[in-house]
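Enquirer: Please read through the structure below; I'll follow up with questions.
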Amino acid sequence: MTTEKLSRVEVQQLVSELAQLLGEKDRGPIRQIKRVIKICGADFAREICKTTLEIEANGGMLLANKSRRRTTGGIFFHLVRSKVTETQCQLI
C-alpha cells in the first residue's frame with residue numbers, strides 16, 4: 001500500500017466521490033473513508049471501492065450470521081479490515 005501525498009482538496013474530493021458511490025451520508029463513516037485514504041492511500045481506497053461495487057453488483061455480501069446483506073459501505077469497511085494490519089485498522 002502506497003501512501004501517495006494528496007492535497008487536502010484532492011483528499012476531500014476523493015472522500016466525497018467514494019462516500020457517494022458507497023451511499024454513505026453520515027459523518028462517522030465519511031471520516032473513516034478519509035482515514036482509509038490517509039493511512040492506506042488513494043489507490044488502495046479506490047481499489048477497495050471497485051471491489052465493493054463488483055460484489056454489490058453480483059448480489060452483495062451477507063453478514064457473518066447470515067441474517068441480512070451488508071450495506072455497500074459495510075462491504076467496503078469489511079474489505080478494508082480484511083486487508084490492513086491491526087495497527088492500521090485501529091487508526092482507521
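Chain labels run A, B, ... following the order of the C-alpha cells; each chain numbers its residues from 1, and ligands are numbered from 1 in the order shown.
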What lies within 12 Å of region 42-44 of chain A using only C-alpha atoms, ignoring chain neighbours under 6 positions off, as JSON, numbers by chain?
Expert: {"A": [1, 2, 3, 4, 5, 6, 7, 10, 11, 12, 13, 14, 15, 17, 18, 33, 34, 35, 36, 50, 51, 76, 79, 80, 83, 84]}
Enquirer: Suppose you want the space between CA of Ala19 (chain A) and CA of Arg31 (chain A); what is it in Å?
Expert: 9.7 Å
